[in-house]
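Q: Next comes target.txt, compact mmCIF, N, CA and C atoms:
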# COMPACT_ATOMS: atom_id res chain seq x y z
N MET A 9 18.92 18.03 -10.99
CA MET A 9 17.64 17.95 -10.33
C MET A 9 17.77 16.99 -9.16
N GLY A 10 16.76 16.97 -8.33
CA GLY A 10 16.80 16.09 -7.18
C GLY A 10 17.01 16.88 -5.90
N ILE A 11 17.30 16.17 -4.86
CA ILE A 11 17.48 16.78 -3.54
C ILE A 11 18.94 17.21 -3.40
N PRO A 12 19.19 18.46 -3.01
CA PRO A 12 20.57 18.89 -2.78
C PRO A 12 21.20 18.05 -1.67
N SER A 13 22.50 17.87 -1.77
CA SER A 13 23.18 16.98 -0.83
C SER A 13 23.08 17.47 0.62
N GLU A 14 23.06 18.80 0.84
CA GLU A 14 22.96 19.29 2.22
C GLU A 14 21.62 18.90 2.84
N LEU A 15 20.54 19.05 2.07
CA LEU A 15 19.22 18.69 2.59
C LEU A 15 19.12 17.18 2.80
N ARG A 16 19.67 16.43 1.85
CA ARG A 16 19.62 14.97 1.98
C ARG A 16 20.37 14.51 3.22
N ASP A 17 21.57 15.07 3.45
CA ASP A 17 22.36 14.69 4.61
C ASP A 17 21.67 15.08 5.91
N ALA A 18 21.02 16.25 5.93
CA ALA A 18 20.30 16.67 7.13
C ALA A 18 19.13 15.74 7.40
N TRP A 19 18.42 15.33 6.32
CA TRP A 19 17.29 14.44 6.50
C TRP A 19 17.73 13.08 6.99
N VAL A 20 18.82 12.56 6.45
CA VAL A 20 19.32 11.25 6.86
C VAL A 20 19.79 11.31 8.30
N SER A 21 20.45 12.38 8.70
CA SER A 21 20.94 12.47 10.08
C SER A 21 19.78 12.61 11.06
N LYS A 22 18.66 13.19 10.62
CA LYS A 22 17.48 13.27 11.49
C LYS A 22 16.92 11.90 11.78
N ARG A 23 16.98 11.03 10.79
CA ARG A 23 16.44 9.69 10.97
C ARG A 23 17.25 8.89 11.97
N ASN A 24 18.54 9.11 12.04
CA ASN A 24 19.39 8.42 12.99
C ASN A 24 19.44 9.24 14.28
N SER A 25 18.39 9.14 15.05
CA SER A 25 18.32 9.96 16.25
C SER A 25 19.12 9.31 17.38
N PHE A 26 19.36 10.08 18.42
CA PHE A 26 20.12 9.57 19.55
C PHE A 26 19.26 8.72 20.48
N LEU A 27 17.95 8.72 20.26
CA LEU A 27 17.06 7.90 21.06
C LEU A 27 17.11 6.45 20.57
N ILE A 28 17.13 5.54 21.50
CA ILE A 28 17.17 4.12 21.15
C ILE A 28 15.77 3.56 21.36
N PRO A 29 15.16 3.00 20.31
CA PRO A 29 13.79 2.48 20.46
C PRO A 29 13.78 1.23 21.33
N SER A 30 12.69 1.06 22.04
CA SER A 30 12.54 -0.13 22.87
C SER A 30 12.25 -1.32 21.96
N PRO A 31 12.42 -2.53 22.46
CA PRO A 31 12.11 -3.72 21.64
C PRO A 31 10.65 -3.73 21.20
N ASP A 32 9.73 -3.23 22.05
CA ASP A 32 8.33 -3.17 21.64
C ASP A 32 8.14 -2.23 20.46
N GLU A 33 8.81 -1.09 20.50
CA GLU A 33 8.71 -0.15 19.38
C GLU A 33 9.30 -0.74 18.11
N GLU A 34 10.41 -1.45 18.24
CA GLU A 34 11.01 -2.08 17.07
C GLU A 34 10.08 -3.12 16.47
N ARG A 35 9.40 -3.90 17.33
CA ARG A 35 8.44 -4.88 16.84
C ARG A 35 7.27 -4.20 16.14
N LYS A 36 6.82 -3.07 16.70
CA LYS A 36 5.73 -2.33 16.07
C LYS A 36 6.15 -1.81 14.70
N ILE A 37 7.37 -1.30 14.61
CA ILE A 37 7.87 -0.78 13.34
C ILE A 37 7.98 -1.90 12.31
N LEU A 38 8.48 -3.05 12.74
CA LEU A 38 8.59 -4.19 11.82
C LEU A 38 7.22 -4.65 11.34
N ARG A 39 6.24 -4.71 12.27
CA ARG A 39 4.89 -5.11 11.89
C ARG A 39 4.28 -4.09 10.93
N THR A 40 4.56 -2.81 11.15
CA THR A 40 4.05 -1.77 10.27
C THR A 40 4.64 -1.91 8.87
N LYS A 41 5.94 -2.14 8.78
CA LYS A 41 6.57 -2.33 7.48
C LYS A 41 6.02 -3.56 6.78
N LYS A 42 5.78 -4.62 7.57
CA LYS A 42 5.22 -5.84 6.99
C LYS A 42 3.83 -5.58 6.44
N CYS A 43 3.04 -4.81 7.18
CA CYS A 43 1.68 -4.47 6.71
C CYS A 43 1.74 -3.66 5.42
N THR A 44 2.64 -2.71 5.36
CA THR A 44 2.76 -1.88 4.17
C THR A 44 3.18 -2.73 2.97
N ASN A 45 4.17 -3.59 3.17
CA ASN A 45 4.61 -4.46 2.07
C ASN A 45 3.50 -5.40 1.63
N GLU A 46 2.75 -5.92 2.59
CA GLU A 46 1.63 -6.80 2.28
C GLU A 46 0.57 -6.05 1.47
N GLY A 47 0.30 -4.80 1.85
CA GLY A 47 -0.67 -3.99 1.13
C GLY A 47 -0.22 -3.68 -0.29
N VAL A 48 1.05 -3.37 -0.46
CA VAL A 48 1.58 -3.08 -1.79
C VAL A 48 1.49 -4.32 -2.67
N ARG A 49 1.84 -5.46 -2.12
CA ARG A 49 1.80 -6.70 -2.89
C ARG A 49 0.37 -7.04 -3.31
N ALA A 50 -0.57 -6.94 -2.36
CA ALA A 50 -1.97 -7.23 -2.69
C ALA A 50 -2.53 -6.21 -3.68
N GLY A 51 -2.16 -4.95 -3.51
CA GLY A 51 -2.62 -3.92 -4.43
C GLY A 51 -2.11 -4.14 -5.84
N PHE A 52 -0.84 -4.55 -5.96
CA PHE A 52 -0.27 -4.81 -7.29
C PHE A 52 -1.00 -5.97 -7.97
N LYS A 53 -1.28 -7.03 -7.20
CA LYS A 53 -2.02 -8.16 -7.77
C LYS A 53 -3.40 -7.72 -8.25
N ALA A 54 -4.07 -6.90 -7.44
CA ALA A 54 -5.40 -6.42 -7.82
C ALA A 54 -5.33 -5.51 -9.04
N ALA A 55 -4.29 -4.70 -9.13
CA ALA A 55 -4.15 -3.81 -10.28
C ALA A 55 -3.93 -4.61 -11.56
N VAL A 56 -3.17 -5.67 -11.49
CA VAL A 56 -2.94 -6.51 -12.68
C VAL A 56 -4.25 -7.16 -13.11
N VAL A 57 -4.99 -7.70 -12.15
CA VAL A 57 -6.27 -8.32 -12.48
C VAL A 57 -7.24 -7.28 -13.06
N ALA A 58 -7.28 -6.09 -12.46
CA ALA A 58 -8.17 -5.04 -12.96
C ALA A 58 -7.77 -4.59 -14.35
N ALA A 59 -6.48 -4.52 -14.63
CA ALA A 59 -6.03 -4.11 -15.96
C ALA A 59 -6.46 -5.13 -17.01
N ILE A 60 -6.31 -6.39 -16.70
CA ILE A 60 -6.72 -7.43 -17.65
C ILE A 60 -8.24 -7.43 -17.80
N ALA A 61 -8.93 -7.35 -16.65
CA ALA A 61 -10.40 -7.39 -16.69
C ALA A 61 -11.00 -6.18 -17.39
N SER A 62 -10.33 -5.05 -17.36
CA SER A 62 -10.88 -3.87 -18.04
C SER A 62 -10.38 -3.73 -19.47
N SER A 63 -9.21 -4.26 -19.77
CA SER A 63 -8.68 -4.10 -21.13
C SER A 63 -9.40 -5.00 -22.13
N VAL A 64 -9.76 -6.20 -21.73
CA VAL A 64 -10.42 -7.11 -22.66
C VAL A 64 -11.74 -6.53 -23.17
N PRO A 65 -12.68 -6.13 -22.29
CA PRO A 65 -13.92 -5.58 -22.83
C PRO A 65 -13.74 -4.23 -23.52
N THR A 66 -12.80 -3.42 -23.04
CA THR A 66 -12.57 -2.11 -23.67
C THR A 66 -12.07 -2.29 -25.10
N LEU A 67 -11.07 -3.12 -25.27
CA LEU A 67 -10.52 -3.33 -26.61
C LEU A 67 -11.50 -4.06 -27.52
N ALA A 68 -12.28 -4.98 -26.94
CA ALA A 68 -13.29 -5.67 -27.75
C ALA A 68 -14.39 -4.70 -28.18
N ALA A 69 -14.80 -3.82 -27.28
CA ALA A 69 -15.86 -2.86 -27.60
C ALA A 69 -15.42 -1.91 -28.70
N VAL A 70 -14.16 -1.48 -28.67
CA VAL A 70 -13.66 -0.54 -29.67
C VAL A 70 -13.66 -1.19 -31.06
N ARG A 71 -13.51 -2.49 -31.12
CA ARG A 71 -13.50 -3.16 -32.41
C ARG A 71 -14.89 -3.57 -32.89
N MET A 72 -15.85 -3.75 -31.98
CA MET A 72 -17.15 -4.29 -32.37
C MET A 72 -18.30 -3.29 -32.31
N ILE A 73 -18.26 -2.34 -31.39
CA ILE A 73 -19.37 -1.41 -31.21
C ILE A 73 -19.07 -0.13 -31.98
N PRO A 74 -19.96 0.25 -32.88
CA PRO A 74 -19.68 1.44 -33.72
C PRO A 74 -19.49 2.72 -32.91
N TRP A 75 -20.29 2.93 -31.86
CA TRP A 75 -20.14 4.15 -31.06
C TRP A 75 -18.76 4.19 -30.42
N ALA A 76 -18.33 3.08 -29.84
CA ALA A 76 -17.02 3.02 -29.20
C ALA A 76 -15.91 3.21 -30.21
N LYS A 77 -16.09 2.64 -31.40
CA LYS A 77 -15.07 2.78 -32.45
C LYS A 77 -14.93 4.24 -32.86
N ALA A 78 -16.05 4.97 -32.89
CA ALA A 78 -16.03 6.36 -33.32
C ALA A 78 -15.55 7.31 -32.22
N ASN A 79 -15.81 6.99 -30.96
CA ASN A 79 -15.59 7.95 -29.88
C ASN A 79 -14.44 7.64 -28.92
N LEU A 80 -13.97 6.42 -28.88
CA LEU A 80 -12.91 6.08 -27.93
C LEU A 80 -11.58 5.96 -28.66
N ASN A 81 -10.78 7.01 -28.59
CA ASN A 81 -9.45 6.95 -29.21
C ASN A 81 -8.49 6.22 -28.27
N TYR A 82 -7.21 6.16 -28.64
CA TYR A 82 -6.24 5.42 -27.83
C TYR A 82 -6.10 6.00 -26.42
N THR A 83 -6.20 7.31 -26.32
CA THR A 83 -6.08 7.94 -25.01
C THR A 83 -7.24 7.55 -24.10
N ALA A 84 -8.44 7.53 -24.65
CA ALA A 84 -9.61 7.15 -23.85
C ALA A 84 -9.51 5.69 -23.42
N GLN A 85 -9.05 4.84 -24.30
CA GLN A 85 -8.89 3.43 -23.94
C GLN A 85 -7.87 3.26 -22.81
N ALA A 86 -6.76 3.96 -22.94
CA ALA A 86 -5.73 3.88 -21.90
C ALA A 86 -6.24 4.43 -20.59
N LEU A 87 -7.03 5.49 -20.66
CA LEU A 87 -7.58 6.09 -19.44
C LEU A 87 -8.55 5.14 -18.75
N ILE A 88 -9.38 4.46 -19.50
CA ILE A 88 -10.32 3.49 -18.92
C ILE A 88 -9.55 2.37 -18.22
N ILE A 89 -8.57 1.83 -18.90
CA ILE A 89 -7.81 0.71 -18.34
C ILE A 89 -6.99 1.14 -17.13
N SER A 90 -6.33 2.28 -17.23
CA SER A 90 -5.49 2.73 -16.10
C SER A 90 -6.34 3.16 -14.92
N ALA A 91 -7.51 3.74 -15.15
CA ALA A 91 -8.38 4.13 -14.03
C ALA A 91 -8.83 2.90 -13.24
N ALA A 92 -9.17 1.84 -13.94
CA ALA A 92 -9.56 0.61 -13.26
C ALA A 92 -8.38 0.03 -12.47
N SER A 93 -7.19 0.08 -13.06
CA SER A 93 -6.01 -0.46 -12.38
C SER A 93 -5.66 0.35 -11.14
N ILE A 94 -5.70 1.66 -11.28
CA ILE A 94 -5.36 2.52 -10.15
C ILE A 94 -6.36 2.35 -9.02
N ALA A 95 -7.63 2.31 -9.37
CA ALA A 95 -8.66 2.13 -8.34
C ALA A 95 -8.49 0.78 -7.65
N GLY A 96 -8.24 -0.27 -8.43
CA GLY A 96 -8.03 -1.59 -7.84
C GLY A 96 -6.85 -1.61 -6.91
N TYR A 97 -5.77 -0.95 -7.30
CA TYR A 97 -4.58 -0.92 -6.46
C TYR A 97 -4.86 -0.24 -5.13
N PHE A 98 -5.38 0.99 -5.19
CA PHE A 98 -5.54 1.75 -3.95
C PHE A 98 -6.60 1.16 -3.04
N ILE A 99 -7.69 0.68 -3.59
CA ILE A 99 -8.74 0.10 -2.75
C ILE A 99 -8.21 -1.15 -2.06
N THR A 100 -7.55 -2.02 -2.80
CA THR A 100 -7.04 -3.26 -2.22
C THR A 100 -5.92 -2.99 -1.23
N ALA A 101 -5.00 -2.11 -1.58
CA ALA A 101 -3.90 -1.80 -0.66
C ALA A 101 -4.43 -1.21 0.63
N ASP A 102 -5.40 -0.31 0.53
CA ASP A 102 -5.98 0.31 1.71
C ASP A 102 -6.67 -0.73 2.60
N LYS A 103 -7.47 -1.58 2.00
CA LYS A 103 -8.16 -2.61 2.78
C LYS A 103 -7.17 -3.56 3.44
N THR A 104 -6.13 -3.94 2.71
CA THR A 104 -5.14 -4.87 3.26
C THR A 104 -4.38 -4.25 4.42
N ILE A 105 -3.98 -3.00 4.26
CA ILE A 105 -3.23 -2.32 5.33
C ILE A 105 -4.12 -2.14 6.55
N LEU A 106 -5.38 -1.77 6.35
CA LEU A 106 -6.28 -1.61 7.49
C LEU A 106 -6.54 -2.94 8.20
N GLU A 107 -6.70 -4.01 7.42
CA GLU A 107 -6.89 -5.32 8.03
C GLU A 107 -5.67 -5.73 8.85
N CYS A 108 -4.50 -5.49 8.32
CA CYS A 108 -3.27 -5.82 9.03
C CYS A 108 -3.12 -4.96 10.28
N ALA A 109 -3.48 -3.69 10.18
CA ALA A 109 -3.41 -2.82 11.36
C ALA A 109 -4.40 -3.28 12.43
N ARG A 110 -5.56 -3.74 12.01
CA ARG A 110 -6.54 -4.27 12.96
C ARG A 110 -5.99 -5.51 13.67
N ARG A 111 -5.34 -6.39 12.89
CA ARG A 111 -4.72 -7.57 13.51
C ARG A 111 -3.64 -7.16 14.49
N ASN A 112 -2.83 -6.16 14.13
CA ASN A 112 -1.78 -5.68 15.03
C ASN A 112 -2.36 -5.08 16.29
N ALA A 113 -3.46 -4.36 16.17
CA ALA A 113 -4.09 -3.77 17.35
C ALA A 113 -4.63 -4.86 18.27
N GLN A 114 -5.23 -5.89 17.68
CA GLN A 114 -5.72 -7.00 18.50
C GLN A 114 -4.56 -7.74 19.16
N LEU A 115 -3.47 -7.92 18.44
CA LEU A 115 -2.29 -8.56 19.01
C LEU A 115 -1.73 -7.72 20.15
N GLU A 116 -1.65 -6.42 19.92
CA GLU A 116 -1.13 -5.51 20.95
C GLU A 116 -2.02 -5.55 22.20
N TYR A 117 -3.33 -5.57 21.98
CA TYR A 117 -4.26 -5.63 23.11
C TYR A 117 -4.10 -6.94 23.87
N SER A 118 -4.01 -8.03 23.12
CA SER A 118 -3.88 -9.33 23.81
C SER A 118 -2.55 -9.43 24.55
N LEU A 119 -1.47 -8.87 23.97
CA LEU A 119 -0.18 -8.90 24.67
C LEU A 119 -0.21 -8.05 25.93
N SER A 120 -0.80 -6.86 25.84
CA SER A 120 -0.86 -6.00 27.03
C SER A 120 -1.81 -6.58 28.06
N HIS A 121 -2.88 -7.21 27.60
CA HIS A 121 -3.84 -7.80 28.54
C HIS A 121 -3.21 -9.01 29.24
N ASN A 122 -2.45 -9.82 28.49
CA ASN A 122 -1.79 -10.98 29.09
C ASN A 122 -0.70 -10.55 30.07
N ARG A 123 0.01 -9.48 29.74
CA ARG A 123 1.04 -8.99 30.66
C ARG A 123 0.41 -8.54 31.97
N GLY A 124 -0.74 -7.91 31.87
CA GLY A 124 -1.42 -7.42 33.08
C GLY A 124 -1.91 -8.56 33.95
N THR A 125 -2.38 -9.65 33.35
CA THR A 125 -2.90 -10.77 34.14
C THR A 125 -1.77 -11.65 34.68
N ASP A 126 -0.63 -11.70 33.99
CA ASP A 126 0.48 -12.53 34.46
C ASP A 126 1.12 -11.97 35.72
N SER A 127 1.18 -10.65 35.83
CA SER A 127 1.88 -10.07 36.96
C SER A 127 1.04 -10.05 38.23
N SER A 128 -0.26 -10.21 38.14
CA SER A 128 -1.08 -10.16 39.37
C SER A 128 -1.34 -11.49 39.96
I'd like the structure from this file rewritten - as structure tokens, please.
A:
Amino acid sequence: MGIPSELRDAWVSKRNSFLIPSPDEERKILRTKKCTNEGVRAGFKAAVVAAIASSVPTLAAVRMIPWAKANLNYTAQALIISAASIAGYFITADKTILECARRNAQLEYSLSHNRGTDSS
């Protein structure tokens, strides 16, 4: 299973194009990777907090509330906890990446604006 070696080699060779990126493009790519990593890190932290915050009341309810004890099996409990974790991850990662992209856009604008005023 997996990707056949011919397809993998073709895909890898496509990534190594003959075009050489400018230093500005390289900086943009690095900032983009940094934003993505920052978003993943923040999303993971939020997912851990959401898992703990949702597992404590869910597990307590299953032991104390008769309706929950009768109707929430292990699958339902896992689904409640994982849904909260997944939502926390994606919402936080999305917000973090968008915030970082906004900062990059402002930085890009200020750099281009400063370049324009320096040359005149």
Q: Could you list as a PyMOL selection string every residue that has an atom within 9 Å of (-10.7, -3.8, -10.4), using the file's coordinates and counting only C-alpha atoms?
A: chain A and resi 54-59+61-62+92-97+99-100
Q: Would you save the residues from that selection as an mmCIF file, keeping the file's coordinate frame, using N, CA and C atoms?
A:
data_model
loop_
_atom_site.group_PDB
_atom_site.id
_atom_site.type_symbol
_atom_site.label_atom_id
_atom_site.label_comp_id
_atom_site.auth_asym_id
_atom_site.auth_seq_id
_atom_site.Cartn_x
_atom_site.Cartn_y
_atom_site.Cartn_z
ATOM 1 N N ALA A 54 -4.070 -6.900 -7.440
ATOM 2 C CA ALA A 54 -5.400 -6.420 -7.820
ATOM 3 C C ALA A 54 -5.330 -5.510 -9.040
ATOM 4 N N ALA A 55 -4.290 -4.700 -9.130
ATOM 5 C CA ALA A 55 -4.150 -3.810 -10.280
ATOM 6 C C ALA A 55 -3.930 -4.610 -11.560
ATOM 7 N N VAL A 56 -3.170 -5.670 -11.490
ATOM 8 C CA VAL A 56 -2.940 -6.510 -12.680
ATOM 9 C C VAL A 56 -4.250 -7.160 -13.110
ATOM 10 N N VAL A 57 -4.990 -7.700 -12.150
ATOM 11 C CA VAL A 57 -6.270 -8.320 -12.480
ATOM 12 C C VAL A 57 -7.240 -7.280 -13.060
ATOM 13 N N ALA A 58 -7.280 -6.090 -12.460
ATOM 14 C CA ALA A 58 -8.170 -5.040 -12.960
ATOM 15 C C ALA A 58 -7.770 -4.590 -14.350
ATOM 16 N N ALA A 59 -6.480 -4.520 -14.630
ATOM 17 C CA ALA A 59 -6.030 -4.110 -15.960
ATOM 18 C C ALA A 59 -6.460 -5.130 -17.010
ATOM 19 N N ALA A 61 -8.930 -7.350 -16.650
ATOM 20 C CA ALA A 61 -10.400 -7.390 -16.690
ATOM 21 C C ALA A 61 -11.000 -6.180 -17.390
ATOM 22 N N SER A 62 -10.330 -5.050 -17.360
ATOM 23 C CA SER A 62 -10.880 -3.870 -18.040
ATOM 24 C C SER A 62 -10.380 -3.730 -19.470
ATOM 25 N N ALA A 92 -9.170 1.840 -13.940
ATOM 26 C CA ALA A 92 -9.560 0.610 -13.260
ATOM 27 C C ALA A 92 -8.380 0.030 -12.470
ATOM 28 N N SER A 93 -7.190 0.080 -13.060
ATOM 29 C CA SER A 93 -6.010 -0.460 -12.380
ATOM 30 C C SER A 93 -5.660 0.350 -11.140
ATOM 31 N N ILE A 94 -5.700 1.660 -11.280
ATOM 32 C CA ILE A 94 -5.360 2.520 -10.150
ATOM 33 C C ILE A 94 -6.360 2.350 -9.020
ATOM 34 N N ALA A 95 -7.630 2.310 -9.370
ATOM 35 C CA ALA A 95 -8.660 2.130 -8.340
ATOM 36 C C ALA A 95 -8.490 0.780 -7.650
ATOM 37 N N GLY A 96 -8.240 -0.270 -8.430
ATOM 38 C CA GLY A 96 -8.030 -1.590 -7.840
ATOM 39 C C GLY A 96 -6.850 -1.610 -6.910
ATOM 40 N N TYR A 97 -5.770 -0.950 -7.300
ATOM 41 C CA TYR A 97 -4.580 -0.920 -6.460
ATOM 42 C C TYR A 97 -4.860 -0.240 -5.130
ATOM 43 N N ILE A 99 -7.690 0.680 -3.590
ATOM 44 C CA ILE A 99 -8.740 0.100 -2.750
ATOM 45 C C ILE A 99 -8.210 -1.150 -2.060
ATOM 46 N N THR A 100 -7.550 -2.020 -2.800
ATOM 47 C CA THR A 100 -7.040 -3.260 -2.220
ATOM 48 C C THR A 100 -5.920 -2.990 -1.230
#
Q: Would you work out the distance separating atom CA of A:Leu119 from atom CA of A:Leu27, expressed in Å to one decimal?
A: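 Separation between atom CA of A:Leu119 and atom CA of A:Leu27: 24.3 Å.
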Q: What separation in Å, quoted to one decimal, exists between atom CA of A:Ser63 and atom CA of A:Ile89?
A: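 Separation of atom CA of A:Ser63 and atom CA of A:Ile89: 5.6 Å.
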Q: Please identify all polymer residues within 12 Å of A:Arg49, counting only C-alpha atoms, omitting same-chain residues fewer than 3 positions from it, and present them as a ChimeraX atom specification.
A: /A:42-46,52-56,97-98,100-102,104-105
Q: With N, CA and C atoms retained, could you export that selection as a tab-separated table (two decimals), keeping the file's coordinate frame?
A:
chain	number	residue	atom	x	y	z
A	42	LYS	N	5.78	-4.62	7.57
A	42	LYS	CA	5.22	-5.84	6.99
A	42	LYS	C	3.83	-5.58	6.44
A	43	CYS	N	3.04	-4.81	7.18
A	43	CYS	CA	1.68	-4.47	6.71
A	43	CYS	C	1.74	-3.66	5.42
A	44	THR	N	2.64	-2.71	5.36
A	44	THR	CA	2.76	-1.88	4.17
A	44	THR	C	3.18	-2.73	2.97
A	45	ASN	N	4.17	-3.59	3.17
A	45	ASN	CA	4.61	-4.46	2.07
A	45	ASN	C	3.50	-5.40	1.63
A	46	GLU	N	2.75	-5.92	2.59
A	46	GLU	CA	1.63	-6.80	2.28
A	46	GLU	C	0.57	-6.05	1.47
A	52	PHE	N	-0.84	-4.55	-5.96
A	52	PHE	CA	-0.27	-4.81	-7.29
A	52	PHE	C	-1.00	-5.97	-7.97
A	53	LYS	N	-1.28	-7.03	-7.20
A	53	LYS	CA	-2.02	-8.16	-7.77
A	53	LYS	C	-3.40	-7.72	-8.25
A	54	ALA	N	-4.07	-6.90	-7.44
A	54	ALA	CA	-5.40	-6.42	-7.82
A	54	ALA	C	-5.33	-5.51	-9.04
A	55	ALA	N	-4.29	-4.70	-9.13
A	55	ALA	CA	-4.15	-3.81	-10.28
A	55	ALA	C	-3.93	-4.61	-11.56
A	56	VAL	N	-3.17	-5.67	-11.49
A	56	VAL	CA	-2.94	-6.51	-12.68
A	56	VAL	C	-4.25	-7.16	-13.11
A	97	TYR	N	-5.77	-0.95	-7.30
A	97	TYR	CA	-4.58	-0.92	-6.46
A	97	TYR	C	-4.86	-0.24	-5.13
A	98	PHE	N	-5.38	0.99	-5.19
A	98	PHE	CA	-5.54	1.75	-3.95
A	98	PHE	C	-6.60	1.16	-3.04
A	100	THR	N	-7.55	-2.02	-2.80
A	100	THR	CA	-7.04	-3.26	-2.22
A	100	THR	C	-5.92	-2.99	-1.23
A	101	ALA	N	-5.00	-2.11	-1.58
A	101	ALA	CA	-3.90	-1.80	-0.66
A	101	ALA	C	-4.43	-1.21	0.63
A	102	ASP	N	-5.40	-0.31	0.53
A	102	ASP	CA	-5.98	0.31	1.71
A	102	ASP	C	-6.67	-0.73	2.60
A	104	THR	N	-6.13	-3.94	2.71
A	104	THR	CA	-5.14	-4.87	3.26
A	104	THR	C	-4.38	-4.25	4.42
A	105	ILE	N	-3.98	-3.00	4.26
A	105	ILE	CA	-3.23	-2.32	5.33
A	105	ILE	C	-4.12	-2.14	6.55
Q: Identify which of the residues A:Val64, A:Ile37, A:Ala91, A:Ala86 lies closest to A:Asn112, counting only C-alpha atoms when measuring atom-to-atom distances.
A: A:Ile37
Q: Give me, please, the distance in Å between atom CA of A:Arg39 and atom N of A:Ala109, quoted to one decimal.
A: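 Distance between the two atoms: 8.7 Å.
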Q: Around all listed atoms of stretch 70-89 of chain A, padded 3 Å per side, what centre and edge lengths does the axis-aligned box have in Å to one decimal, as lines of an AutoDock Vina configuration file?
A:
center_x = -13.0
center_y = 1.8
center_z = -25.4
size_x = 20.6
size_y = 18.2
size_z = 22.6
Q: With DSSP run on the backbone, what are the helix (DSSP H, G or I) residues within stretch 23-52 of chain A? I'd like them as a PyMOL selection string.
A: chain A and resi 23+31-52
Q: Take the residues just selected and output them with N, CA and C atoms as a tab-separated table (two decimals), in the coordinates of the input.
A:
chain	number	residue	atom	x	y	z
A	23	ARG	N	16.98	11.03	10.79
A	23	ARG	CA	16.44	9.69	10.97
A	23	ARG	C	17.25	8.89	11.97
A	31	PRO	N	12.42	-2.53	22.46
A	31	PRO	CA	12.11	-3.72	21.64
A	31	PRO	C	10.65	-3.73	21.20
A	32	ASP	N	9.73	-3.23	22.05
A	32	ASP	CA	8.33	-3.17	21.64
A	32	ASP	C	8.14	-2.23	20.46
A	33	GLU	N	8.81	-1.09	20.50
A	33	GLU	CA	8.71	-0.15	19.38
A	33	GLU	C	9.30	-0.74	18.11
A	34	GLU	N	10.41	-1.45	18.24
A	34	GLU	CA	11.01	-2.08	17.07
A	34	GLU	C	10.08	-3.12	16.47
A	35	ARG	N	9.40	-3.90	17.33
A	35	ARG	CA	8.44	-4.88	16.84
A	35	ARG	C	7.27	-4.20	16.14
A	36	LYS	N	6.82	-3.07	16.70
A	36	LYS	CA	5.73	-2.33	16.07
A	36	LYS	C	6.15	-1.81	14.70
A	37	ILE	N	7.37	-1.30	14.61
A	37	ILE	CA	7.87	-0.78	13.34
A	37	ILE	C	7.98	-1.90	12.31
A	38	LEU	N	8.48	-3.05	12.74
A	38	LEU	CA	8.59	-4.19	11.82
A	38	LEU	C	7.22	-4.65	11.34
A	39	ARG	N	6.24	-4.71	12.27
A	39	ARG	CA	4.89	-5.11	11.89
A	39	ARG	C	4.28	-4.09	10.93
A	40	THR	N	4.56	-2.81	11.15
A	40	THR	CA	4.05	-1.77	10.27
A	40	THR	C	4.64	-1.91	8.87
A	41	LYS	N	5.94	-2.14	8.78
A	41	LYS	CA	6.57	-2.33	7.48
A	41	LYS	C	6.02	-3.56	6.78
A	42	LYS	N	5.78	-4.62	7.57
A	42	LYS	CA	5.22	-5.84	6.99
A	42	LYS	C	3.83	-5.58	6.44
A	43	CYS	N	3.04	-4.81	7.18
A	43	CYS	CA	1.68	-4.47	6.71
A	43	CYS	C	1.74	-3.66	5.42
A	44	THR	N	2.64	-2.71	5.36
A	44	THR	CA	2.76	-1.88	4.17
A	44	THR	C	3.18	-2.73	2.97
A	45	ASN	N	4.17	-3.59	3.17
A	45	ASN	CA	4.61	-4.46	2.07
A	45	ASN	C	3.50	-5.40	1.63
A	46	GLU	N	2.75	-5.92	2.59
A	46	GLU	CA	1.63	-6.80	2.28
A	46	GLU	C	0.57	-6.05	1.47
A	47	GLY	N	0.30	-4.80	1.85
A	47	GLY	CA	-0.67	-3.99	1.13
A	47	GLY	C	-0.22	-3.68	-0.29
A	48	VAL	N	1.05	-3.37	-0.46
A	48	VAL	CA	1.58	-3.08	-1.79
A	48	VAL	C	1.49	-4.32	-2.67
A	49	ARG	N	1.84	-5.46	-2.12
A	49	ARG	CA	1.80	-6.70	-2.89
A	49	ARG	C	0.37	-7.04	-3.31
A	50	ALA	N	-0.57	-6.94	-2.36
A	50	ALA	CA	-1.97	-7.23	-2.69
A	50	ALA	C	-2.53	-6.21	-3.68
A	51	GLY	N	-2.16	-4.95	-3.51
A	51	GLY	CA	-2.62	-3.92	-4.43
A	51	GLY	C	-2.11	-4.14	-5.84
A	52	PHE	N	-0.84	-4.55	-5.96
A	52	PHE	CA	-0.27	-4.81	-7.29
A	52	PHE	C	-1.00	-5.97	-7.97
